Amino acid sequence: MAQITKSYEPHDVEKKWYAAWQQAGCFAGHPKAGKEPYSIVIPPPNVTGVLTMGHVLNNTLQDILIRRARLEGQEAMWLPGTDHAGIATQTVVERELRKEKKTRHHLGREKFLEKVWSWRDEKGGMILKQLQALGASADWDRTQFTMDPHYSKAVLTVFADLFAKGHIYRGKRMVNWCPVSLTALSDEEVIMKPTKGVLYQVRYEMVNQPGRFIEVKTTRPETIPGDVAIAVHPDDPRYTALIGQQVWRPLNRAQIPIIADTAVDKEFGSGALKITPAHDKVDYEVGQRHKLLPIDVLEPDGKMNELAGAELAGLDRFAGRKKAAELLKESGALVKEEPYENNVGYSERADVPIEPRLTWQWWLKYPRIEEAKTAVRDGHIKFYPERWSKVYLHWLENIQDWCISRQLWWGHRIPVWYQKGLDKEKLSEADLRDPAKVHVSLTGPSDPENWTQEDDVLDTWASSWLWPFATLGWPDQAAMDQAGFDYFYPTATLVTGPDIIFFWVARMIMAGLEFIRPGESLERRIPFKNVYFTGIIRDQQGRKMSKSLGNSPDPLDLIEKYGADGLRFGIVSIAPQGQDIRFQEDRIESGKGFCNKLWNASRFRQMSGEMADNSSLHAILARLEPAKFDADDHGILDRLLATTREVDRCFTEFEFSAAAQAIYGFFWNDFCDWYVEVSKAKVQDASAKANSLALQDLVLRETLLQLHPFVPFITEELWHLLGYGAEGSFLMRDASVEGTSQLVDAFAPLGVKVDLKASAANRVLQLSASKYRADKAAAGMAGVRLATVYYEVNPAYASYFTEQTAPNYARIFETNHFQAGTIPDAINSVTGVATFYMQRPAGDTAAEKARLTKELEILAKHIAGTEARLSNEAFVSKAPPAVLEGARKQLADQRAKKVEIERLLGALG
RNA sequence: GGACCUUUAGCUCAGUUGGUUAGAGCGUUUCGUUGACAUCGAAAAGGUCACUGGUUCGAGUCCAGUAAGGUCCA
């Protein structure tokens with residue numbers, strides 16, 4: 001067996017095992033009769049993406065779930081892939097073109113798309129490689145891309161199907177228009193930001209009463225040429241007489257009517273509102289109600305057009321605003337300007353204010369809204385943390401039709417063809433449904449020369465909402481069979497960020513319900529059973545980590561510095577359920593430190609004695625000698641079972657950081673700092689050695705199993721170095737983790753049973769050691785190794801701290817020798833287990849007295865507190881017996897201790 | 001405007017159904033180490049649990065309100 005080196009060097013180990021796992025096909029998931037499936041689909045990162053800390057957290061958690069499922073004997077399958085990311089990817093390639101002073105229009109659609117594809121082949125999907133460096137055990141042979149031919153087929157099939165069902169329509173409506181990307185956006189892609197601007201108060205002169213004005217307030221004077229009316233509230237007494245009259249529009253002067261509409265807020269400004277249907281959603285609706293034709297004064301790129309009037313035409317919208325204000329000022333129409341802050345919608349990608357713009361787009365009426373609510377409300381799909389279900393349900397309550405068309409080239413081109421010669425801007429709903437005029441299919445019309453295909457592509461999310469089943473071969477039965485669709489769908493758990501609850505999670509649920517296993521139960525159609533929402537990783541100042549701020553460390557640098565396992569353990573241990581995470585590099589460092597601890601404890605085991613049969617749990621248990629178990633043995637077994645139980649619980653409740661911390665605490669404190677320290681004496685004792693080492697082997701084995709999902713590389717390496725796994729087998733694939741009850745069941749036939757009393761005594765001994773060392777340090781002898789420590793054991797612990805066992809604790813008590821009995825004029829430490837006497841360095845007893853006196857004071861306070869409680873009639877009569885009993889015992893202990901300390905003080909004189 | 005989250009040690013955070021003297025990691029200070037690990041060990045200092053009121057024998061924990069910070073939706 002190979003010698004374990006002095007410190008853990010992750011890099012070679014990581015490379016070695018990742019390659020070996022991959023070569024052995026450990027990541028693959030295949031349907032297996034009699035085995036429970038456990039599947040996860042990755043939230044597909046953008047194909048343009050590079051690994052961020054958010055990805056590290058998200059994918060580490062998925063890998064933990066997948067690896068744990070494997071160890072629990074389930075058939076695990078983690079499906080990876082990337083998203084074509086319409087706008088993002090197109091923007092990247094357009095940016096490269098711009099360097100050559102070209103736009104996509106220079107190339108034309110076909111050539112441009114070729115260029116995007118070659119960009120993708122060359123540079124896209126780098127992020128998947130990075131995930132491998134992190135240790136992700138995804139089934140890479142299944143890697144998917146949302147523009148793969150079969151995936152595209154799924155997307156177009158869904159379009160055609162929803163069109164046929166009447167869920168999809170074409171309409172000229174207000175959309176969120178991005179003047180930079182020149183495309184429509186869905187509501188979800190618009191970010192509202194408080195923006196400082198100016199509120200202009202403008203007066204419109206009455207046509208038939210010159211000199212009389214009606215005033216409105218607006219933040220957008222450049223749209224005044226697009227005004228078609230002034231609206232007031234019908235019940236507003238200030239204006240009732242004016243309704244129906246005409247006013248002069250102050251820019252691009254023309255007569256417009258005063259109309260009455262209940263949408264007007266009487267309280268805002270003067271109570272009168274300018275109506276600009278082409279540039280505001282509410283105004284558009286008002287215009288519709290009053291049959292007013294919109295006047296669009298903007299070009300798609302945000303420049304003013306000739307309808308805005310000669311002075312404004314050609315200006316950018318922001319320059320136009322300035323110019324409009326000047327013109328109003330000159331004409332005397334501008335009454336007042338005041339600073340103003342309001343919420344302005346920004347394009348998520350281009351980060352510029354969007355324009356509400358009237359365009360023809362394709363819209364989707366969501367299917368299965370009610371079922372989607374039921375699925376979550378009734379717990380068929382569980383959200384962790386649960387509170388996000390409220391956000392989800394609220395969105396579904398207020399859901400709006402989805403604008404699914406984008407004026408881009410990169411994406412799934414909408415499978416609609418228009419009969420040549422038709423004006424598609426004038427299609428009625430009836431025309432749309434007339435196959436002679438509009439053709440909708442996957443393959444296109446049989447006489448393509450007579451048709452023109454729709455230019456628009458679909459929103460990227462209109463492909464990713466099919467992810468949980470399009471990646472499993474849907475809609476082709478043969479492909480589904482091959483992918484194991486029937487076995488793996490629905491997937492077990494989705495791990496994602498709450499920021500895409502609407503974009504993705506909700507839509508996937510609706511898509512699954514609509515398209516999968518029609519007519520079957522809800523449970524069979526939902527895409528996943530659990531959704532775990534991660535927190536968002538923030539920097540020290542609490543800001544989101546982002547590329548533009550440059551405040552995100554490169555995960556690959558962190559892997560280089562701390563190892564993939566160190567990074568994984570560090571990030572998981574600081575990620576409590578559902579809370580945002582403030583990133584601290586020192587936590588990653590401590591993740592690495594823990595790996596090193598694990599490594600060295602294993603190394604020490606190897607150095608402590610010959611390795612024996614570790615080939616199975618049973619083999620190790622058979623080496624134990626239960627008859628020889630002492631309090632330490634019972635203690636560590638008890639703690640091992642408690643930790644296993646806690647980790648089991650954490651996995652069922654998705655509390656990953658609690659699981660990591662439970663194992664960390666157990667291994668470092670209970671095992672290394674106590675059990676291994678104590679065993680240093682035992683392995684010198686021929687009769688105790690074998691049992692002690694077997695117990696270490698057991699603890700190490702179980703720890704590696706529990707820890708593997710978190711730190712896969714080092715655990716696999718140690719698994720082999722310590723002889724737990726045979727050559728050619730793998731911890732990650734061939735081992736299985738035992739739950740608490742399974743461990744107990746395995747213990748029983750071999751007579752291994754935890755003595756809880758002994759375990760409790762062991763805990764007291766540990767606390768006593770702490771107390772003793774604290775007293776010793778207080779006496780100025782911290783760390784000093786004493787030749788002899790005398791002790792008088794507390795009768796209650798007489799069987800746990802004896803002449804025979806005392807030497808085991810010599811190292812922990814920093815002494816060479818224990819001697820039963822007392823010595824006069826010594827420092828006394830009263831612990832639970834015993835009173836320990838240490839030779840005083842020299843004469844002075846003042847410090848000692850002061851310490852004991854202080855201790856007595858604190859004790860007196862506690863005694864008073866406990867007495868007060870116990871003499872409280874209400875407490876005694878109402879508290880449950882166990883609590884009452886506890887308080888009584890506590891008082892007895894406190895009093896006994898007081899007597900002892902008083903005795904010691906008396907002895908000091 | 002509506003909903004949700006957070007507020008506990010210098011920092012980052014735990015704290016299960018209310019029940020002894022509120023914990024951890026990091027940081028700080030002190031001490032220790034010749035054979036697992038200085039990526040180590042031991043100890044100490046450090047908290048009016050944001051505030052106000054209520055329920056209760058008992059509140060960090062439950063309820064109501066207030067304040068500050070944050071997120072989402074309008």
# chains A, B, ... in the order shown; residues from 1 in each chain; ligands from 1
call {"tool": "closest_atom_pairs", "arguments": {"of": "chain B", "to": "chain A", "cutoff": "7 Å", "atoms": "only C-alpha atoms (C1' of nucleotides)", "output": "CSV"}}
result
residue,atom,partner,partner_atom,distance
B:G19,C1',A:Val883,CA,6.3
B:U20,C1',A:Ala887,CA,6.7
B:C31,C1',A:Ala782,CA,5.1
B:G32,C1',A:Gly783,CA,4.6
B:A36,C1',A:Phe604,CA,4.1
B:C37,C1',A:Asn600,CA,5.3
B:U39,C1',A:Gly593,CA,4.8
B:A42,C1',A:Gly783,CA,6.8
B:A43,C1',A:Ala774,CA,5.7
B:C57,C1',A:Phe875,CA,3.8
call {"tool": "select_by_dssp", "arguments": {"residues": "region 185-395 of chain A", "states": "helix (DSSP H, G or I)", "output": "PyMOL selection string"}}
result
chain A and resi 187-189+221-226+240-242+281-289+306-308+317-331+369-377+388-395
call {"tool": "residues_around", "arguments": {"residues": "C62 (chain B)", "least_positions_apart": "4", "cutoff": "12 Å", "atoms": "only C-alpha atoms (C1' of nucleotides)", "output": "list in words"}}
result
U17, G18, G54, U55 and U56 of chain B
call {"tool": "write_last_selection", "arguments": {"atoms": "all heavy atoms", "output": "compact mmCIF listing (two decimals), in the first residue's frame"}}
result
# COMPACT_ATOMS: atom_id res chain seq x y z
P U B 17 -38.82 24.46 15.14
OP1 U B 17 -39.74 24.02 14.10
OP2 U B 17 -38.22 25.80 15.09
O5' U B 17 -39.55 24.35 16.55
C5' U B 17 -40.93 24.64 16.61
C4' U B 17 -41.66 23.67 17.50
O4' U B 17 -41.03 22.36 17.40
C3' U B 17 -41.58 23.96 19.00
O3' U B 17 -42.46 25.00 19.38
C2' U B 17 -41.96 22.61 19.59
O2' U B 17 -43.34 22.42 19.59
C1' U B 17 -41.31 21.65 18.60
N1 U B 17 -40.05 21.09 19.16
C2 U B 17 -40.16 19.89 19.84
O2 U B 17 -41.21 19.31 19.98
N3 U B 17 -38.99 19.40 20.35
C4 U B 17 -37.75 19.99 20.27
O4 U B 17 -36.79 19.43 20.80
C5 U B 17 -37.72 21.23 19.55
C6 U B 17 -38.85 21.73 19.03
P G B 18 -42.17 25.82 20.67
OP1 G B 18 -42.23 24.93 21.87
OP2 G B 18 -42.98 27.01 20.63
O5' G B 18 -40.70 26.37 20.40
C5' G B 18 -39.61 25.94 21.10
C4' G B 18 -39.14 27.00 22.09
O4' G B 18 -40.20 27.87 22.50
C3' G B 18 -38.58 26.36 23.34
O3' G B 18 -37.36 26.98 23.67
C2' G B 18 -39.66 26.65 24.39
O2' G B 18 -39.12 26.75 25.66
C1' G B 18 -40.20 27.98 23.90
N9 G B 18 -41.57 28.26 24.34
C8 G B 18 -42.73 27.66 23.93
N7 G B 18 -43.79 28.16 24.52
C5 G B 18 -43.29 29.14 25.36
C6 G B 18 -43.96 30.02 26.25
O6 G B 18 -45.16 30.13 26.47
N1 G B 18 -43.08 30.85 26.91
C2 G B 18 -41.72 30.85 26.73
N2 G B 18 -41.03 31.73 27.46
N3 G B 18 -41.08 30.04 25.91
C4 G B 18 -41.92 29.22 25.26
P G B 54 -46.12 44.68 28.52
OP1 G B 54 -46.98 45.00 29.67
OP2 G B 54 -44.72 44.25 28.74
O5' G B 54 -46.84 43.57 27.63
C5' G B 54 -48.22 43.72 27.31
C4' G B 54 -48.65 42.66 26.34
O4' G B 54 -47.72 42.60 25.23
C3' G B 54 -48.65 41.23 26.87
O3' G B 54 -49.78 40.94 27.64
C2' G B 54 -48.61 40.42 25.56
O2' G B 54 -49.89 40.36 24.96
C1' G B 54 -47.69 41.28 24.70
N9 G B 54 -46.30 40.80 24.71
C8 G B 54 -45.20 41.38 25.28
N7 G B 54 -44.10 40.69 25.10
C5 G B 54 -44.51 39.60 24.35
C6 G B 54 -43.76 38.49 23.85
O6 G B 54 -42.55 38.28 23.96
N1 G B 54 -44.56 37.59 23.14
C2 G B 54 -45.92 37.74 22.96
N2 G B 54 -46.52 36.77 22.26
N3 G B 54 -46.62 38.76 23.42
C4 G B 54 -45.86 39.64 24.10
P U B 55 -49.69 39.88 28.83
OP1 U B 55 -50.96 39.93 29.57
OP2 U B 55 -48.40 40.08 29.54
O5' U B 55 -49.62 38.51 28.04
C5' U B 55 -50.74 38.05 27.28
C4' U B 55 -50.42 36.74 26.61
O4' U B 55 -49.34 36.94 25.65
C3' U B 55 -49.88 35.66 27.54
O3' U B 55 -50.91 34.99 28.23
C2' U B 55 -49.14 34.75 26.57
O2' U B 55 -50.03 33.91 25.86
C1' U B 55 -48.54 35.77 25.59
N1 U B 55 -47.15 36.14 25.95
C2 U B 55 -46.14 35.30 25.54
O2 U B 55 -46.35 34.28 24.92
N3 U B 55 -44.88 35.69 25.91
C4 U B 55 -44.53 36.81 26.62
O4 U B 55 -43.34 37.03 26.86
C5 U B 55 -45.63 37.64 27.01
C6 U B 55 -46.88 37.29 26.68
P U B 56 -50.80 34.80 29.81
OP1 U B 56 -52.04 34.15 30.26
OP2 U B 56 -50.36 36.08 30.43
O5' U B 56 -49.60 33.76 29.95
C5' U B 56 -49.73 32.46 29.38
C4' U B 56 -48.41 31.74 29.46
O4' U B 56 -47.44 32.44 28.63
C3' U B 56 -47.76 31.72 30.83
O3' U B 56 -48.31 30.72 31.67
C2' U B 56 -46.30 31.47 30.48
O2' U B 56 -46.09 30.10 30.18
C1' U B 56 -46.15 32.28 29.18
N1 U B 56 -45.57 33.62 29.43
C2 U B 56 -44.20 33.73 29.33
O2 U B 56 -43.47 32.79 29.04
N3 U B 56 -43.69 34.98 29.58
C4 U B 56 -44.40 36.11 29.91
O4 U B 56 -43.80 37.16 30.11
C5 U B 56 -45.83 35.91 30.00
C6 U B 56 -46.34 34.70 29.77
call {"tool": "residues_around", "arguments": {"residues": "Gly197 (chain A)", "least_positions_apart": "6", "cutoff": "9 Å", "atoms": "only C-alpha atoms (C1' of nucleotides)", "output": "short mmCIF file (atom, residue, chain, number, x, y, z; two decimals) with C-alpha atoms, in the first residue's frame"}}
result
data_model
loop_
_atom_site.label_atom_id
_atom_site.label_comp_id
_atom_site.auth_asym_id
_atom_site.auth_seq_id
_atom_site.Cartn_x
_atom_site.Cartn_y
_atom_site.Cartn_z
CA THR A 219 -41.01 63.17 -17.83
CA GLU A 338 -38.49 69.99 -11.24
CA PRO A 339 -36.11 67.16 -10.40
CA TYR A 340 -37.91 63.86 -10.28
CA GLU A 341 -37.10 60.24 -9.60
CA ASN A 342 -39.17 57.45 -11.01
#
call {"tool": "residues_around", "arguments": {"residues": "Val158 (chain A)", "least_positions_apart": "3", "cutoff": "10 Å", "atoms": "only C-alpha atoms (C1' of nucleotides)", "output": "list in words"}}
result
Ser152, Lys153, Ala154, Val155, Asp161, Leu162, Phe163, Ala164, Leu442, Ala462, Ser463, Leu466, Pro475, Ala511, Glu514 and Phe515 of chain A
call {"tool": "atom_distance", "arguments": {"atom1": "CA of Asp187 (chain A)", "atom2": "CA of Val282 (chain A)"}}
result
15.0 Å
call {"tool": "residues_around", "arguments": {"residues": "A67 (chain B)", "least_positions_apart": "2", "cutoff": "12 Å", "atoms": "only C-alpha atoms (C1' of nucleotides)", "output": "ChimeraX atom specification"}}
result
/B:7,50-52,65,69
call {"tool": "residues_around", "arguments": {"residues": "region 267-269 of chain A", "least_positions_apart": "6", "cutoff": "9 Å", "atoms": "only C-alpha atoms (C1' of nucleotides)", "output": "PyMOL selection string"}}
result
chain A and resi 201+215-217
call {"tool": "write_last_selection", "arguments": {"atoms": "N, CA and C atoms", "output": "PDB file, in the first residue's frame"}}
result
ATOM      1  N   GLN A 201     -43.617  70.461 -16.391  1.00  0.00           N
ATOM      2  CA  GLN A 201     -45.018  70.865 -16.342  1.00  0.00           C
ATOM      3  C   GLN A 201     -45.289  71.685 -17.598  1.00  0.00           C
ATOM      4  N   GLU A 215     -52.966  72.083 -17.855  1.00  0.00           N
ATOM      5  CA  GLU A 215     -51.571  71.722 -17.602  1.00  0.00           C
ATOM      6  C   GLU A 215     -51.412  70.220 -17.356  1.00  0.00           C
ATOM      7  N   VAL A 216     -50.316  69.666 -17.840  1.00  0.00           N
ATOM      8  CA  VAL A 216     -49.999  68.267 -17.552  1.00  0.00           C
ATOM      9  C   VAL A 216     -48.547  68.178 -17.099  1.00  0.00           C
ATOM     10  N   LYS A 217     -48.210  67.067 -16.454  1.00  0.00           N
ATOM     11  CA  LYS A 217     -46.813  66.830 -16.079  1.00  0.00           C
ATOM     12  C   LYS A 217     -46.301  65.617 -16.826  1.00  0.00           C
TER      13      LYS A 217
END
